[in-house]
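Note sheet for the following structure.
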Amino acid sequence: MFEITETSLVSDMVTARAALERLRRGGARIALDDFGTGYSSLAALHQLPIDMVKVDRSFAARLNDAAGRRLLSGIRGLAEALAIDCVLEGVETEAQLLAARRTGFTLVQGFHLARPMPIEQILALPSLALPLTPGPPPPLRPPDPAPSGVPLPPSRNGCAHPMSALDSPLEQR
């Protein structure tokens with residue numbers, strides 16, 4: 001997974017698109033990081049081969065008000081309509097995690113779940129004990145235009161925590 005910021009792309013979208021397409025042909029997935037902070041977010045989604053948007057952490061702080069939740073729900077819905085995974089960054093409290101779930105997010109990232117750590121520690125986590133066998137990379141989203149009705153595989157990139165893994169502990173509280 002390569003994470004790029006929209007500000008790194010605005011100077012030359014044509015060159016950026018060519019470079020990102022070359023990475024995708026090599027099996028990489030592309031995440032647009034800090035989504036919503038630049039002035040070209042929608043242009044980047046429309047013009048670039050993006051597999052995931054990572055909503056900027058500043059939006060997580062707005063989960064406590066109705067207008068903020070509506071905005072986040074709209075961003076998530078837009079990503080879903082474009083067949084792009086959507087991660088809410090900056091989840092730092094259990095209240096934010098629960099609000100993100102109620103807003104429809106299935107992928108979140110933030111200090112409430114884990115602090116940055118070396119890859120060895122990440123791989124040792126029981127919930128990430130995956131077999132590391134060689135094989136083809138995970139499927140990419142369909143090329144544009146996406147055929148209608150084609151379901152996409154779940155994200156397995158390790159950069160965000162799937163909410164479904166949290167169902168049991170949260171519902172027991």
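So you can find residues: chains in the structure tokens are A, B, ... in the order shown, residues in each start at 1, and ligands are numbered from 1 in order.
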
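Taking the backbone of this structure through DSSP, the residues of stretch 72-101 of chain A that come out as alpha helix (DSSP H) are Leu72, Ser73, Gly74, Ile75, Arg76, Gly77, Leu78, Ala79, Glu80, Ala81, Glu94, Ala95, Gln96, Leu97, Leu98, Ala99, Ala100 and Arg101 of chain A.
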
Preceding selection exported with all heavy atoms as a CSV table (one decimal), in the first residue's frame:
```csv
chain,number,residue,atom,x,y,z
A,72,LEU,N,-19.1,13.3,7.6
A,72,LEU,CA,-18.3,12.0,7.5
A,72,LEU,C,-19.1,10.9,6.8
A,72,LEU,O,-18.6,10.2,6.1
A,72,LEU,CB,-17.9,11.6,8.9
A,72,LEU,CG,-16.7,12.3,9.4
A,72,LEU,CD1,-16.5,12.1,10.9
A,72,LEU,CD2,-15.4,11.9,8.7
A,73,SER,N,-20.4,10.9,7.1
A,73,SER,CA,-21.2,9.9,6.5
A,73,SER,C,-21.3,10.1,5.0
A,73,SER,O,-21.2,9.2,4.2
A,73,SER,CB,-22.7,10.0,7.0
A,73,SER,OG,-23.5,9.0,6.5
A,74,GLY,N,-21.3,11.4,4.6
A,74,GLY,CA,-21.3,11.7,3.1
A,74,GLY,C,-20.0,11.4,2.5
A,74,GLY,O,-19.9,10.8,1.4
A,75,ILE,N,-18.8,11.6,3.1
A,75,ILE,CA,-17.5,11.2,2.6
A,75,ILE,C,-17.5,9.7,2.4
A,75,ILE,O,-17.0,9.2,1.4
A,75,ILE,CB,-16.4,11.7,3.5
A,75,ILE,CG1,-16.3,13.3,3.5
A,75,ILE,CG2,-15.1,11.1,3.1
A,75,ILE,CD1,-15.4,13.9,4.5
A,76,ARG,N,-17.9,9.0,3.5
A,76,ARG,CA,-17.9,7.5,3.4
A,76,ARG,C,-18.8,7.0,2.3
A,76,ARG,O,-18.5,6.1,1.6
A,76,ARG,CB,-18.3,6.9,4.8
A,76,ARG,CG,-18.2,5.4,4.9
A,76,ARG,CD,-19.0,4.8,6.0
A,76,ARG,NE,-20.4,5.3,6.0
A,76,ARG,CZ,-21.4,4.9,5.2
A,76,ARG,NH1,-21.2,4.1,4.3
A,76,ARG,NH2,-22.6,5.4,5.4
A,77,GLY,N,-20.0,7.6,2.2
A,77,GLY,CA,-20.9,7.2,1.1
A,77,GLY,C,-20.3,7.5,-0.3
A,77,GLY,O,-20.5,6.7,-1.2
A,78,LEU,N,-19.6,8.6,-0.4
A,78,LEU,CA,-19.0,8.9,-1.7
A,78,LEU,C,-17.9,7.8,-2.1
A,78,LEU,O,-17.9,7.3,-3.2
A,78,LEU,CB,-18.3,10.3,-1.7
A,78,LEU,CG,-17.5,10.7,-2.9
A,78,LEU,CD1,-18.3,10.8,-4.1
A,78,LEU,CD2,-16.8,12.0,-2.6
A,79,ALA,N,-17.1,7.5,-1.1
A,79,ALA,CA,-16.1,6.5,-1.3
A,79,ALA,C,-16.7,5.1,-1.7
A,79,ALA,O,-16.3,4.4,-2.6
A,79,ALA,CB,-15.2,6.3,-0.1
A,80,GLU,N,-17.8,4.8,-1.0
A,80,GLU,CA,-18.5,3.6,-1.2
A,80,GLU,C,-19.1,3.6,-2.7
A,80,GLU,O,-19.0,2.6,-3.4
A,80,GLU,CB,-19.6,3.4,-0.2
A,80,GLU,CG,-20.4,2.1,-0.4
A,80,GLU,CD,-21.4,1.9,0.7
A,80,GLU,OE1,-21.2,2.2,1.9
A,80,GLU,OE2,-22.6,1.5,0.4
A,81,ALA,N,-19.7,4.7,-3.1
A,81,ALA,CA,-20.2,4.8,-4.4
A,81,ALA,C,-19.2,4.6,-5.5
A,81,ALA,O,-19.4,4.1,-6.6
A,81,ALA,CB,-21.0,6.1,-4.6
A,94,GLU,N,-12.6,5.8,22.8
A,94,GLU,CA,-13.7,4.8,22.6
A,94,GLU,C,-14.9,5.5,22.1
A,94,GLU,O,-15.6,5.0,21.2
A,94,GLU,CB,-14.0,4.0,23.9
A,94,GLU,CG,-15.0,2.9,23.6
A,94,GLU,CD,-15.0,1.9,24.7
A,94,GLU,OE1,-14.2,1.9,25.6
A,94,GLU,OE2,-16.0,1.1,24.7
A,95,ALA,N,-15.2,6.7,22.6
A,95,ALA,CA,-16.4,7.4,22.1
A,95,ALA,C,-16.3,7.7,20.6
A,95,ALA,O,-17.3,7.6,19.9
A,95,ALA,CB,-16.6,8.7,22.9
A,96,GLN,N,-15.1,8.1,20.1
A,96,GLN,CA,-14.9,8.3,18.7
A,96,GLN,C,-15.1,7.0,17.9
A,96,GLN,O,-15.7,7.0,16.8
A,96,GLN,CB,-13.6,8.9,18.4
A,96,GLN,CG,-13.5,10.4,18.8
A,96,GLN,CD,-12.1,10.9,18.6
A,96,GLN,OE1,-11.1,10.2,18.7
A,96,GLN,NE2,-12.0,12.2,18.2
A,97,LEU,N,-14.6,5.9,18.5
A,97,LEU,CA,-14.7,4.6,17.8
A,97,LEU,C,-16.2,4.2,17.7
A,97,LEU,O,-16.6,3.8,16.6
A,97,LEU,CB,-13.9,3.6,18.6
A,97,LEU,CG,-13.9,2.2,18.0
A,97,LEU,CD1,-13.3,2.1,16.7
A,97,LEU,CD2,-13.2,1.2,19.0
A,98,LEU,N,-16.9,4.4,18.7
A,98,LEU,CA,-18.4,4.1,18.7
A,98,LEU,C,-19.1,5.0,17.7
A,98,LEU,O,-19.9,4.5,16.9
A,98,LEU,CB,-19.0,4.1,20.0
A,98,LEU,CG,-18.5,3.0,21.0
A,98,LEU,CD1,-19.0,3.3,22.4
A,98,LEU,CD2,-18.9,1.7,20.6
A,99,ALA,N,-18.8,6.3,17.7
A,99,ALA,CA,-19.4,7.2,16.8
A,99,ALA,C,-19.0,6.9,15.3
A,99,ALA,O,-19.9,7.0,14.4
A,99,ALA,CB,-19.0,8.7,17.1
A,100,ALA,N,-17.8,6.5,15.1
A,100,ALA,CA,-17.4,6.1,13.7
A,100,ALA,C,-18.2,4.9,13.3
A,100,ALA,O,-18.6,4.9,12.1
A,100,ALA,CB,-15.9,5.8,13.7
A,101,ARG,N,-18.4,4.0,14.1
A,101,ARG,CA,-19.2,2.8,13.8
A,101,ARG,C,-20.6,3.2,13.5
A,101,ARG,O,-21.2,2.8,12.5
A,101,ARG,CB,-19.2,1.8,14.9
A,101,ARG,CG,-20.2,0.7,14.6
A,101,ARG,CD,-20.3,-0.2,15.8
A,101,ARG,NE,-19.4,-1.4,15.6
A,101,ARG,CZ,-19.1,-2.2,16.6
A,101,ARG,NH1,-19.5,-2.0,17.8
A,101,ARG,NH2,-18.3,-3.2,16.4
```

Can you list, as a PDB file with N, CA and C atoms, in the first residue's frame, every residue of stretch 36-119 of chain A that DSSP puts in strand (DSSP E)?
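Saved to selection-v8.pdb:
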```pdb
ATOM      1  N   MET A  52      -8.114   3.548  -1.917  1.00  0.00           N
ATOM      2  CA  MET A  52      -8.541   3.854  -0.560  1.00  0.00           C
ATOM      3  C   MET A  52      -8.398   5.351  -0.305  1.00  0.00           C
ATOM      4  N   VAL A  53      -9.346   5.902   0.450  1.00  0.00           N
ATOM      5  CA  VAL A  53      -9.176   7.251   0.980  1.00  0.00           C
ATOM      6  C   VAL A  53      -9.034   7.134   2.485  1.00  0.00           C
ATOM      7  N   LYS A  54      -8.114   7.908   3.017  1.00  0.00           N
ATOM      8  CA  LYS A  54      -7.905   7.961   4.458  1.00  0.00           C
ATOM      9  C   LYS A  54      -8.321   9.364   4.888  1.00  0.00           C
ATOM     10  N   VAL A  55      -9.495   9.458   5.505  1.00  0.00           N
ATOM     11  CA  VAL A  55     -10.073  10.736   5.898  1.00  0.00           C
ATOM     12  C   VAL A  55      -9.215  11.347   6.999  1.00  0.00           C
ATOM     13  N   ASP A  85     -12.194   1.888  -0.689  1.00  0.00           N
ATOM     14  CA  ASP A  85     -12.177   1.693   0.751  1.00  0.00           C
ATOM     15  C   ASP A  85     -12.047   3.056   1.427  1.00  0.00           C
ATOM     16  N   CYS A  86     -12.599   3.175   2.630  1.00  0.00           N
ATOM     17  CA  CYS A  86     -12.582   4.456   3.339  1.00  0.00           C
ATOM     18  C   CYS A  86     -12.185   4.229   4.795  1.00  0.00           C
ATOM     19  N   VAL A  87     -11.127   4.916   5.231  1.00  0.00           N
ATOM     20  CA  VAL A  87     -10.593   4.801   6.582  1.00  0.00           C
ATOM     21  C   VAL A  87     -10.746   6.148   7.273  1.00  0.00           C
ATOM     22  N   LEU A  88     -11.221   6.136   8.502  1.00  0.00           N
ATOM     23  CA  LEU A  88     -11.248   7.351   9.312  1.00  0.00           C
ATOM     24  C   LEU A  88     -10.008   7.345  10.192  1.00  0.00           C
ATOM     25  N   LEU A 107     -13.584   0.782   8.705  1.00  0.00           N
ATOM     26  CA  LEU A 107     -12.134   0.846   8.872  1.00  0.00           C
ATOM     27  C   LEU A 107     -11.788   2.142   9.588  1.00  0.00           C
ATOM     28  N   VAL A 108     -10.983   2.024  10.654  1.00  0.00           N
ATOM     29  CA  VAL A 108     -10.531   3.186  11.400  1.00  0.00           C
ATOM     30  C   VAL A 108      -9.058   3.013  11.725  1.00  0.00           C
TER      31      VAL A 108
END
```

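With atom CA of A:Arg24 on one side and atom CA of A:Gly104 on the other, the separation reads 27.7 Å.
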
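If only C-alpha atoms are the atoms counted, then among A:Leu23, A:Phe59, A:Gly90, A:His112 the closest residue to A:Thr37 is A:Phe59.
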
Inset, instruction - Could you jot down the atom CA of A:Ala28 to atom CA of A:Met1 separation for me, Å, one decimal place? - result: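 The value is 5.7 Å.
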
Inset, instruction - Could you check which of A:Glu3, A:Ala114, A:Val91, A:Val14 is closest to A:Ile30, using only C-alpha atoms? - result: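 Closest to A:Ile30 of all the choices is A:Glu3.
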
Legend entry - Using only C-alpha atoms: which of A:Leu32, A:Ile50, A:Ala44, A:Ala66 has the shortest distance to A:Glu89: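 Checking each candidate against A:Glu89, we get A:Leu32 as the closest.
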